[in-house]
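J.: Data: final31.pdb, PDB, C-alpha atoms and all ligand atoms.
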```
MODEL        1
ATOM      1  CA  MET A   1     -42.080 -24.515  27.315  1.00  0.00           C
ATOM      2  CA  LYS A   2     -42.657 -24.019  31.030  1.00  0.00           C
ATOM      3  CA  LYS A   3     -42.965 -20.510  32.427  1.00  0.00           C
ATOM      4  CA  ARG A   4     -41.187 -19.479  35.597  1.00  0.00           C
ATOM      5  CA  ILE A   5     -43.653 -18.283  38.230  1.00  0.00           C
ATOM      6  CA  ALA A   6     -43.119 -16.964  41.742  1.00  0.00           C
ATOM      7  CA  VAL A   7     -45.831 -16.851  44.395  1.00  0.00           C
ATOM      8  CA  LEU A   8     -46.243 -14.177  47.065  1.00  0.00           C
ATOM      9  CA  ALA A   9     -48.274 -15.269  50.113  1.00  0.00           C
ATOM     10  CA  SER A  10     -48.686 -13.984  53.671  1.00  0.00           C
ATOM     11  CA  GLY A  11     -50.529 -16.765  55.450  1.00  0.00           C
ATOM     12  CA  ARG A  12     -52.210 -20.133  55.122  1.00  0.00           C
ATOM     13  CA  GLY A  13     -51.385 -20.502  51.431  1.00  0.00           C
ATOM     14  CA  SER A  14     -54.231 -22.734  50.295  1.00  0.00           C
ATOM     15  CA  ASN A  15     -54.256 -20.994  46.896  1.00  0.00           C
ATOM     16  CA  PHE A  16     -50.485 -21.481  46.677  1.00  0.00           C
ATOM     17  CA  GLN A  17     -51.096 -25.190  47.351  1.00  0.00           C
ATOM     18  CA  ALA A  18     -53.758 -25.359  44.625  1.00  0.00           C
ATOM     19  CA  VAL A  19     -51.242 -23.887  42.170  1.00  0.00           C
ATOM     20  CA  LEU A  20     -48.487 -26.296  43.280  1.00  0.00           C
ATOM     21  CA  ASP A  21     -50.903 -29.236  42.914  1.00  0.00           C
ATOM     22  CA  ALA A  22     -51.913 -28.134  39.406  1.00  0.00           C
ATOM     23  CA  ILE A  23     -48.269 -27.803  38.389  1.00  0.00           C
ATOM     24  CA  ARG A  24     -47.516 -31.252  39.763  1.00  0.00           C
ATOM     25  CA  ALA A  25     -50.561 -32.704  37.992  1.00  0.00           C
ATOM     26  CA  GLY A  26     -49.263 -31.259  34.736  1.00  0.00           C
ATOM     27  CA  THR A  27     -52.287 -29.011  34.111  1.00  0.00           C
ATOM     28  CA  VAL A  28     -50.293 -25.783  34.529  1.00  0.00           C
ATOM     29  CA  PRO A  29     -47.143 -25.652  32.369  1.00  0.00           C
ATOM     30  CA  ALA A  30     -45.019 -23.759  34.896  1.00  0.00           C
ATOM     31  CA  ALA A  31     -42.170 -24.124  37.325  1.00  0.00           C
ATOM     32  CA  CYS A  32     -42.630 -22.435  40.696  1.00  0.00           C
ATOM     33  CA  VAL A  33     -39.223 -20.861  41.323  1.00  0.00           C
ATOM     34  CA  ALA A  34     -39.899 -19.102  44.632  1.00  0.00           C
ATOM     35  CA  LEU A  35     -42.279 -18.366  47.460  1.00  0.00           C
ATOM     36  CA  ILE A  36     -41.888 -14.803  48.696  1.00  0.00           C
ATOM     37  CA  THR A  37     -43.503 -13.983  52.021  1.00  0.00           C
ATOM     38  CA  ASP A  38     -43.643 -10.981  54.342  1.00  0.00           C
ATOM     39  CA  ASN A  39     -44.524 -13.250  57.273  1.00  0.00           C
ATOM     40  CA  PRO A  40     -41.915 -15.566  58.822  1.00  0.00           C
ATOM     41  CA  GLU A  41     -44.780 -17.510  60.483  1.00  0.00           C
ATOM     42  CA  ALA A  42     -46.764 -18.123  57.295  1.00  0.00           C
ATOM     43  CA  TYR A  43     -47.974 -21.704  56.870  1.00  0.00           C
ATOM     44  CA  ALA A  44     -47.256 -21.201  53.157  1.00  0.00           C
ATOM     45  CA  ILE A  45     -43.543 -21.630  54.042  1.00  0.00           C
ATOM     46  CA  GLU A  46     -44.158 -25.254  55.109  1.00  0.00           C
ATOM     47  CA  ARG A  47     -46.007 -25.899  51.873  1.00  0.00           C
ATOM     48  CA  ALA A  48     -43.069 -24.472  49.893  1.00  0.00           C
ATOM     49  CA  GLU A  49     -40.522 -26.545  51.789  1.00  0.00           C
ATOM     50  CA  LYS A  50     -42.539 -29.721  51.192  1.00  0.00           C
ATOM     51  CA  ALA A  51     -42.597 -28.945  47.467  1.00  0.00           C
ATOM     52  CA  GLN A  52     -38.897 -27.946  47.479  1.00  0.00           C
ATOM     53  CA  VAL A  53     -39.690 -24.409  46.400  1.00  0.00           C
ATOM     54  CA  PRO A  54     -37.083 -21.856  47.597  1.00  0.00           C
ATOM     55  CA  VAL A  55     -38.446 -19.398  50.195  1.00  0.00           C
ATOM     56  CA  LEU A  56     -37.558 -15.710  50.397  1.00  0.00           C
ATOM     57  CA  ILE A  57     -38.716 -13.986  53.577  1.00  0.00           C
ATOM     58  CA  ILE A  58     -38.997 -10.213  53.308  1.00  0.00           C
ATOM     59  CA  ASP A  59     -40.182  -9.433  56.833  1.00  0.00           C
ATOM     60  CA  TYR A  60     -41.859  -6.034  56.793  1.00  0.00           C
ATOM     61  CA  THR A  61     -41.117  -5.515  60.505  1.00  0.00           C
ATOM     62  CA  SER A  62     -37.369  -5.836  59.972  1.00  0.00           C
ATOM     63  CA  PHE A  63     -37.168  -2.661  57.865  1.00  0.00           C
ATOM     64  CA  PRO A  64     -37.045   0.868  59.285  1.00  0.00           C
ATOM     65  CA  ASP A  65     -39.628   2.138  56.807  1.00  0.00           C
ATOM     66  CA  ARG A  66     -41.876   1.183  53.935  1.00  0.00           C
ATOM     67  CA  ALA A  67     -39.350   2.331  51.325  1.00  0.00           C
ATOM     68  CA  GLY A  68     -36.708  -0.085  52.650  1.00  0.00           C
ATOM     69  CA  TYR A  69     -39.157  -2.968  52.582  1.00  0.00           C
ATOM     70  CA  GLU A  70     -40.281  -2.122  49.031  1.00  0.00           C
ATOM     71  CA  GLN A  71     -36.688  -1.938  47.840  1.00  0.00           C
ATOM     72  CA  ALA A  72     -35.920  -5.364  49.324  1.00  0.00           C
ATOM     73  CA  LEU A  73     -39.103  -6.844  47.891  1.00  0.00           C
ATOM     74  CA  LEU A  74     -38.317  -5.436  44.438  1.00  0.00           C
ATOM     75  CA  ALA A  75     -34.797  -6.878  44.608  1.00  0.00           C
ATOM     76  CA  ALA A  76     -36.171 -10.288  45.661  1.00  0.00           C
ATOM     77  CA  MET A  77     -38.661 -10.254  42.809  1.00  0.00           C
ATOM     78  CA  GLN A  78     -35.985  -9.303  40.280  1.00  0.00           C
ATOM     79  CA  GLU A  79     -33.729 -12.038  41.604  1.00  0.00           C
ATOM     80  CA  CYS A  80     -36.392 -14.690  40.851  1.00  0.00           C
ATOM     81  CA  SER A  81     -36.412 -13.902  37.128  1.00  0.00           C
ATOM     82  CA  ALA A  82     -40.015 -15.018  37.072  1.00  0.00           C
ATOM     83  CA  GLU A  83     -42.230 -14.356  34.093  1.00  0.00           C
ATOM     84  CA  LEU A  84     -45.289 -14.173  36.347  1.00  0.00           C
ATOM     85  CA  PHE A  85     -45.795 -13.177  39.985  1.00  0.00           C
ATOM     86  CA  VAL A  86     -48.834 -14.706  41.636  1.00  0.00           C
ATOM     87  CA  LEU A  87     -50.298 -12.945  44.673  1.00  0.00           C
ATOM     88  CA  ALA A  88     -51.980 -15.649  46.748  1.00  0.00           C
ATOM     89  CA  GLY A  89     -53.267 -14.037  49.913  1.00  0.00           C
ATOM     90  CA  TYR A  90     -50.424 -11.521  49.943  1.00  0.00           C
ATOM     91  CA  MET A  91     -51.851  -9.039  52.391  1.00  0.00           C
ATOM     92  CA  ARG A  92     -49.651  -6.007  51.669  1.00  0.00           C
ATOM     93  CA  ILE A  93     -50.298  -3.505  48.948  1.00  0.00           C
ATOM     94  CA  LEU A  94     -47.526  -3.489  46.342  1.00  0.00           C
ATOM     95  CA  GLY A  95     -46.071  -0.018  45.839  1.00  0.00           C
ATOM     96  CA  SER A  96     -46.297   1.618  42.443  1.00  0.00           C
ATOM     97  CA  GLY A  97     -42.547   1.112  41.812  1.00  0.00           C
ATOM     98  CA  ILE A  98     -43.022  -2.645  42.004  1.00  0.00           C
ATOM     99  CA  VAL A  99     -46.198  -2.657  39.927  1.00  0.00           C
ATOM    100  CA  ARG A 100     -44.466  -0.568  37.234  1.00  0.00           C
ATOM    101  CA  ALA A 101     -41.433  -2.871  37.226  1.00  0.00           C
ATOM    102  CA  PHE A 102     -43.594  -5.854  36.182  1.00  0.00           C
ATOM    103  CA  PRO A 103     -46.358  -4.560  33.907  1.00  0.00           C
ATOM    104  CA  ASP A 104     -49.010  -7.231  33.119  1.00  0.00           C
ATOM    105  CA  ARG A 105     -46.878  -9.772  34.953  1.00  0.00           C
ATOM    106  CA  ILE A 106     -48.497  -9.732  38.402  1.00  0.00           C
ATOM    107  CA  MET A 107     -51.780 -11.526  39.100  1.00  0.00           C
ATOM    108  CA  ASN A 108     -53.991 -11.357  42.156  1.00  0.00           C
ATOM    109  CA  ILE A 109     -56.995 -13.279  43.423  1.00  0.00           C
ATOM    110  CA  HIS A 110     -59.640 -11.428  45.370  1.00  0.00           C
ATOM    111  CA  PRO A 111     -62.539 -13.093  47.211  1.00  0.00           C
ATOM    112  CA  ALA A 112     -65.301 -10.946  45.677  1.00  0.00           C
ATOM    113  CA  LEU A 113     -66.847 -10.192  42.326  1.00  0.00           C
ATOM    114  CA  LEU A 114     -64.862  -7.042  41.556  1.00  0.00           C
ATOM    115  CA  PRO A 115     -65.434  -4.167  41.232  1.00  0.00           C
ATOM    116  CA  SER A 116     -67.719  -4.898  44.222  1.00  0.00           C
ATOM    117  CA  PHE A 117     -66.072  -5.133  47.618  1.00  0.00           C
ATOM    118  CA  PRO A 118     -62.380  -4.343  47.030  1.00  0.00           C
ATOM    119  CA  GLY A 119     -59.964  -4.162  49.961  1.00  0.00           C
ATOM    120  CA  LEU A 120     -60.035  -6.067  53.226  1.00  0.00           C
ATOM    121  CA  HIS A 121     -62.783  -8.418  54.479  1.00  0.00           C
ATOM    122  CA  ALA A 122     -64.473  -8.758  51.110  1.00  0.00           C
ATOM    123  CA  GLN A 123     -66.649 -11.674  52.239  1.00  0.00           C
ATOM    124  CA  ARG A 124     -67.813  -9.719  55.321  1.00  0.00           C
ATOM    125  CA  GLN A 125     -68.627  -6.750  53.092  1.00  0.00           C
ATOM    126  CA  ALA A 126     -70.708  -9.028  50.839  1.00  0.00           C
ATOM    127  CA  VAL A 127     -72.698 -10.526  53.741  1.00  0.00           C
ATOM    128  CA  LEU A 128     -73.309  -7.116  55.311  1.00  0.00           C
ATOM    129  CA  HIS A 129     -74.423  -5.666  51.988  1.00  0.00           C
ATOM    130  CA  GLY A 130     -76.928  -8.479  51.512  1.00  0.00           C
ATOM    131  CA  VAL A 131     -75.877  -9.561  48.027  1.00  0.00           C
ATOM    132  CA  LYS A 132     -77.366 -12.855  46.812  1.00  0.00           C
ATOM    133  CA  VAL A 133     -74.375 -13.825  44.659  1.00  0.00           C
ATOM    134  CA  ALA A 134     -70.699 -13.569  45.619  1.00  0.00           C
ATOM    135  CA  GLY A 135     -67.521 -15.054  44.211  1.00  0.00           C
ATOM    136  CA  CYS A 136     -63.894 -14.515  43.341  1.00  0.00           C
ATOM    137  CA  THR A 137     -61.933 -12.578  40.731  1.00  0.00           C
ATOM    138  CA  VAL A 138     -58.500 -13.210  39.222  1.00  0.00           C
ATOM    139  CA  HIS A 139     -57.055 -10.025  37.751  1.00  0.00           C
ATOM    140  CA  PHE A 140     -53.838  -8.420  36.629  1.00  0.00           C
ATOM    141  CA  VAL A 141     -52.405  -5.962  39.136  1.00  0.00           C
ATOM    142  CA  ASP A 142     -52.154  -2.304  38.243  1.00  0.00           C
ATOM    143  CA  GLU A 143     -51.669   0.742  40.430  1.00  0.00           C
ATOM    144  CA  CYS A 144     -55.316   0.802  41.485  1.00  0.00           C
ATOM    145  CA  LEU A 145     -56.156  -1.427  44.493  1.00  0.00           C
ATOM    146  CA  ASP A 146     -57.990  -4.556  43.259  1.00  0.00           C
ATOM    147  CA  GLY A 147     -58.654  -2.620  40.077  1.00  0.00           C
ATOM    148  CA  GLY A 148     -56.632  -4.182  37.245  1.00  0.00           C
ATOM    149  CA  PRO A 149     -57.982  -5.973  34.146  1.00  0.00           C
ATOM    150  CA  ILE A 150     -60.138  -8.983  35.054  1.00  0.00           C
ATOM    151  CA  ILE A 151     -59.045 -12.413  33.793  1.00  0.00           C
ATOM    152  CA  LEU A 152     -61.594 -14.812  35.314  1.00  0.00           C
ATOM    153  CA  GLN A 153     -64.476 -14.676  37.755  1.00  0.00           C
ATOM    154  CA  ALA A 154     -66.552 -17.399  39.396  1.00  0.00           C
ATOM    155  CA  CYS A 155     -69.683 -16.967  41.453  1.00  0.00           C
ATOM    156  CA  VAL A 156     -71.342 -18.764  44.345  1.00  0.00           C
ATOM    157  CA  PRO A 157     -74.755 -18.242  45.945  1.00  0.00           C
ATOM    158  CA  VAL A 158     -75.024 -16.449  49.286  1.00  0.00           C
ATOM    159  CA  MET A 159     -77.282 -18.487  51.605  1.00  0.00           C
ATOM    160  CA  GLU A 160     -79.759 -17.024  54.105  1.00  0.00           C
ATOM    161  CA  ASP A 161     -77.765 -18.246  57.090  1.00  0.00           C
ATOM    162  CA  ASP A 162     -74.266 -17.430  55.782  1.00  0.00           C
ATOM    163  CA  ASP A 163     -71.778 -15.558  57.885  1.00  0.00           C
ATOM    164  CA  GLU A 164     -68.444 -14.334  56.560  1.00  0.00           C
ATOM    165  CA  ASP A 165     -66.725 -17.640  57.369  1.00  0.00           C
ATOM    166  CA  THR A 166     -69.221 -19.941  55.657  1.00  0.00           C
ATOM    167  CA  LEU A 167     -69.275 -17.666  52.627  1.00  0.00           C
ATOM    168  CA  ALA A 168     -65.456 -17.471  52.586  1.00  0.00           C
ATOM    169  CA  ASP A 169     -65.258 -21.294  52.582  1.00  0.00           C
ATOM    170  CA  ARG A 170     -67.655 -21.539  49.630  1.00  0.00           C
ATOM    171  CA  ILE A 171     -65.744 -18.883  47.681  1.00  0.00           C
ATOM    172  CA  LEU A 172     -62.377 -20.488  48.507  1.00  0.00           C
ATOM    173  CA  GLU A 173     -63.389 -23.707  46.747  1.00  0.00           C
ATOM    174  CA  ARG A 174     -63.915 -21.704  43.564  1.00  0.00           C
ATOM    175  CA  GLU A 175     -60.630 -19.793  44.102  1.00  0.00           C
ATOM    176  CA  HIS A 176     -58.770 -23.091  44.056  1.00  0.00           C
ATOM    177  CA  GLU A 177     -60.218 -23.816  40.591  1.00  0.00           C
ATOM    178  CA  CYS A 178     -59.974 -20.334  39.110  1.00  0.00           C
ATOM    179  CA  TYR A 179     -56.415 -19.447  40.053  1.00  0.00           C
ATOM    180  CA  PRO A 180     -54.694 -22.470  38.465  1.00  0.00           C
ATOM    181  CA  GLU A 181     -56.910 -21.984  35.401  1.00  0.00           C
ATOM    182  CA  ALA A 182     -55.907 -18.310  35.005  1.00  0.00           C
ATOM    183  CA  ILE A 183     -52.235 -19.184  35.465  1.00  0.00           C
ATOM    184  CA  ARG A 184     -52.557 -21.974  32.913  1.00  0.00           C
ATOM    185  CA  LEU A 185     -53.983 -19.497  30.381  1.00  0.00           C
ATOM    186  CA  PHE A 186     -51.112 -17.079  31.063  1.00  0.00           C
ATOM    187  CA  CYS A 187     -48.517 -19.837  30.694  1.00  0.00           C
ATOM    188  CA  GLU A 188     -50.066 -20.881  27.401  1.00  0.00           C
ATOM    189  CA  ASP A 189     -49.817 -17.238  26.164  1.00  0.00           C
ATOM    190  CA  ARG A 190     -53.589 -17.138  25.795  1.00  0.00           C
ATOM    191  CA  LEU A 191     -54.306 -13.882  27.650  1.00  0.00           C
ATOM    192  CA  VAL A 192     -54.426 -10.712  25.566  1.00  0.00           C
ATOM    193  CA  ILE A 193     -54.915  -7.456  27.443  1.00  0.00           C
ATOM    194  CA  GLU A 194     -56.870  -4.846  25.491  1.00  0.00           C
ATOM    195  CA  GLY A 195     -57.337  -1.825  27.725  1.00  0.00           C
ATOM    196  CA  ARG A 196     -59.470  -2.952  30.640  1.00  0.00           C
ATOM    197  CA  ARG A 197     -60.498  -6.174  28.947  1.00  0.00           C
ATOM    198  CA  VAL A 198     -58.608  -9.447  28.897  1.00  0.00           C
ATOM    199  CA  ARG A 199     -59.362 -11.571  25.860  1.00  0.00           C
ATOM    200  CA  ILE A 200     -58.830 -15.319  26.184  1.00  0.00           C
ATOM    201  CA  CYS A 201     -57.598 -16.631  22.863  1.00  0.00           C
TER     202      CYS A 201
HETATM  203  C1  LIG B 301     -58.018 -15.915  49.858  1.00  0.00           C
HETATM  204  O1  LIG B 301     -59.396 -15.964  50.107  1.00  0.00           O
HETATM  205  C2  LIG B 301     -57.681 -14.756  48.939  1.00  0.00           C
HETATM  206  O2  LIG B 301     -58.659 -14.531  47.954  1.00  0.00           O
HETATM  207  C3  LIG B 301     -57.646 -13.607  49.908  1.00  0.00           C
HETATM  208  O3  LIG B 301     -56.995 -14.112  51.043  1.00  0.00           O
HETATM  209  C4  LIG B 301     -57.257 -15.520  51.128  1.00  0.00           C
HETATM  210  C5  LIG B 301     -55.932 -16.226  51.233  1.00  0.00           C
HETATM  211  O4  LIG B 301     -56.135 -17.592  51.488  1.00  0.00           O
HETATM  212  N1  LIG B 301     -56.951 -12.465  49.366  1.00  0.00           N
HETATM  213  C6  LIG B 301     -57.298 -11.227  49.621  1.00  0.00           C
HETATM  214  O5  LIG B 301     -58.233 -10.924  50.339  1.00  0.00           O
HETATM  215  C7  LIG B 301     -56.436 -10.185  48.920  1.00  0.00           C
HETATM  216  N2  LIG B 301     -57.109  -8.926  48.904  1.00  0.00           N
HETATM  217  P1  LIG B 301     -54.971 -18.624  51.284  1.00  0.00           P
HETATM  218  O6  LIG B 301     -53.748 -18.072  52.048  1.00  0.00           O
HETATM  219  O7  LIG B 301     -55.458 -19.899  51.906  1.00  0.00           O
HETATM  220  O8  LIG B 301     -54.702 -18.749  49.828  1.00  0.00           O
ENDMDL
END
```
Spit out the file's structure as structure tokens when you get a sec.
T.:
Amino acid sequence: MKKRIAVLASGRGSNFQAVLDAIRAGTVPAACVALITDNPEAYAIERAEKAQVPVLIIDYTSFPDRAGYEQALLAAMQECSAELFVLAGYMRILGSGIVRAFPDRIMNIHPALLPSFPGLHAQRQAVLHGVKVAGCTVHFVDECLDGGPIILQACVPVMEDDDEDTLADRILEREHECYPEAIRLFCEDRLVIEGRRVRIC
């Protein structure tokens, strides 16, 4: 039985595309029922249109305040009736009301080996810190920024001559493998959350 998933993306949407491709290839038993974006210029919108996925634009700048935007976003998410919300480069923090409305039903991908380097510019933080290994993390979203239970991680080496862009490209290749895999496990009901730990059964 296919699960209904909705993707939230703010920009280029290459992770969104990786998920769409995995669904089309039959490796992820899901139907993507919506793309929600805060950015009317996001390239992810073109990807959604090509795949005939309905697009909901919740443009942050069109609301008088954060509360109005959050209310509209919550309503859009409820309207999707999705079993899973997939944050794929969604660059706004979800308010606690939204996180609480969908417990253990929102996933995020972050371009670092959490709990190292949460927040913005994770790849830059990794290069500046001088770590030798970097990577990506797929995790459930809770009220703590980039802090929810970890589902999957993948690592890549950091090369002597890396800058944030070359490292980001290397990590992105692993993101495109990890995210569909984590979503597949969710759709197959194989993720069991036990406190901070996610058991894959
Ligand atoms: C990805 O690297 C993703 O991990 C990152 O934004 C990029 C989006 O790329 N997300 C974050 O930094 C969230 N904190 P994409 O639009 O091509 O998928």
J.: Using only C-alpha atoms, pick whichever of A:Ile193, A:Cys201, A:Ala6, A:Val53 has the shortest atom-to-atom distance to A:Met77.
T.: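 For A:Met77, the nearest of the candidates is A:Ala6.
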J.: Show me, as CSV, the residues of chain A having an atom within 6 Å of ligand LIG 301 (chain B), each with the closest atom pair and its distance in Å, using all atoms listed in the file.
T.:
```
residue,atom,partner,partner_atom,distance
A:Gly11,CA,B:LIG301,O6,4.9
A:Arg12,CA,B:LIG301,O6,4.0
A:Gly13,CA,B:LIG301,O6,3.4
A:Ser14,CA,B:LIG301,O7,3.5
A:Asn15,CA,B:LIG301,O8,3.7
A:Phe16,CA,B:LIG301,O8,5.9
A:Ala88,CA,B:LIG301,O8,5.1
A:Gly89,CA,B:LIG301,C5,3.7
A:Met91,CA,B:LIG301,C7,5.9
A:Ile109,CA,B:LIG301,O2,5.0
A:His110,CA,B:LIG301,O2,4.2
A:Pro111,CA,B:LIG301,O2,4.2
A:Gly119,CA,B:LIG301,N2,5.7
A:Leu120,CA,B:LIG301,O5,5.9
A:Leu172,CA,B:LIG301,O1,5.6
```
J.: Check what the PyMOL selection byres (((chain A and resi 81) around 12) and not hetatm) selects in the file above and give those residues as a list of chain:residue names.
T.: A:Lys3, A:Arg4, A:Ile5, A:Ala6, A:Ala31, A:Cys32, A:Val33, A:Ala34, A:Leu74, A:Ala75, A:Ala76, A:Met77, A:Gln78, A:Glu79, A:Cys80, A:Ala82, A:Glu83, A:Leu84, A:Phe85, A:Phe102, A:Arg105
J.: So which residues are close to (-74.4, -15.2, 56.7), meaning at most 12 Å away in the file's coordinates with only C-alpha atoms counted, and can you show them as a list in words?
T.: Gln123, Arg124, Gln125, Ala126, Val127, Leu128, His129, Gly130, Val131, Lys132, Ala134, Pro157, Val158, Met159, Glu160, Asp161, Asp162, Asp163, Glu164, Asp165, Thr166, Leu167, Ala168, Asp169 and Arg170 of chain A
J.: Hey, what's within 10 Å of A:Val192 if we count only C-alpha atoms and toss same-chain stuff fewer than 6 positions away? As an MDAnalysis selection string, please?
T.: chainID A and resid 104 151 186 198:201
J.: Output the selection as a short mmCIF file (atom, residue, chain, number, x, y, z; two decimals), in the frame of the given file - C-alpha atoms for each residue.
T.:
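Final file, part38.cif:
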```cif
data_model
loop_
_atom_site.label_atom_id
_atom_site.label_comp_id
_atom_site.auth_asym_id
_atom_site.auth_seq_id
_atom_site.Cartn_x
_atom_site.Cartn_y
_atom_site.Cartn_z
CA ASP A 104 -49.01 -7.23 33.12
CA ILE A 151 -59.04 -12.41 33.79
CA PHE A 186 -51.11 -17.08 31.06
CA VAL A 198 -58.61 -9.45 28.90
CA ARG A 199 -59.36 -11.57 25.86
CA ILE A 200 -58.83 -15.32 26.18
CA CYS A 201 -57.60 -16.63 22.86
#
```
J.: Can you tell me, as AutoDock Vina command-line options, the centre and edge lengths (Å, one decimal) of the axis-aligned box enclosing all of stretch 152-169 of chain A's listed atoms after padding each side by 3 Å?
T.:
```
--center_x -70.7 --center_y -17.8 --center_z 46.6 --size_x 24.2 --size_y 13.0 --size_z 28.6
```
J.: Kindly give the distance, in Å, that separates atom CA of A:Val156 and atom CA of A:Phe117, rounded to a single decimal.
T.: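 Computing the Euclidean distance for atom CA of A:Val156 and atom CA of A:Phe117 yields 15.0 Å.
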J.: Write out as an mmCIF file with C-alpha atoms, in the frame of the given file each polymer residue whose atoms come within 8 Å of A:Cys187, counting all atoms listed in the file; drop sequence neighbours fewer than 6 positions from it.
T.:
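Result file is around.cif:
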```
data_model
loop_
_atom_site.group_PDB
_atom_site.id
_atom_site.type_symbol
_atom_site.label_atom_id
_atom_site.label_comp_id
_atom_site.auth_asym_id
_atom_site.auth_seq_id
_atom_site.Cartn_x
_atom_site.Cartn_y
_atom_site.Cartn_z
ATOM 1 C CA LYS A 2 -42.657 -24.019 31.030
ATOM 2 C CA LYS A 3 -42.965 -20.510 32.427
ATOM 3 C CA VAL A 28 -50.293 -25.783 34.529
ATOM 4 C CA PRO A 29 -47.143 -25.652 32.369
ATOM 5 C CA ALA A 30 -45.019 -23.759 34.896
#
```
J.: What is the distance between atom CA of A:Glu188 and atom CA of A:Ile106, in Å to one decimal?
T.: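 Taking atom CA of A:Glu188 as the start and atom CA of A:Ile106 as the end point, the length is 15.7 Å.
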J.: Show me, as a list of chain:residue names, the residues that have an atom within 8 Å of stretch 142-150 of chain A when counting only C-alpha atoms, minus same-chain residues fewer than 3 positions from it.
T.: A:Ile93, A:Gly95, A:Ser96, A:Val99, A:Arg100, A:Pro103, A:Asp104, A:Asn108, A:His110, A:Leu114, A:Pro115, A:Pro118, A:Gly119, A:Thr137, A:Val138, A:His139, A:Gln153, A:Ile193, A:Gly195, A:Arg196, A:Arg197, A:Val198
J.: Which is closer to A:Gln17 than all the others in A:His121, A:Arg66, A:Arg92, A:His176, using only C-alpha atoms?
T.: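 The answer is A:His176, which sits nearest to A:Gln17.
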J.: Atom CA of A:Thr37 to atom CA of A:Val7: how many Å, to one decimal?
T.: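 Separation between atom CA of A:Thr37 and atom CA of A:Val7: 8.5 Å.
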J.: Rank A:Glu181, A:Asp59, A:Glu194, A:Asp65 by their smallest atom-to-atom distance to A:Ala22, using only C-alpha atoms, and report the top residue only.
T.: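 The closest residue to A:Ala22 is A:Glu181.
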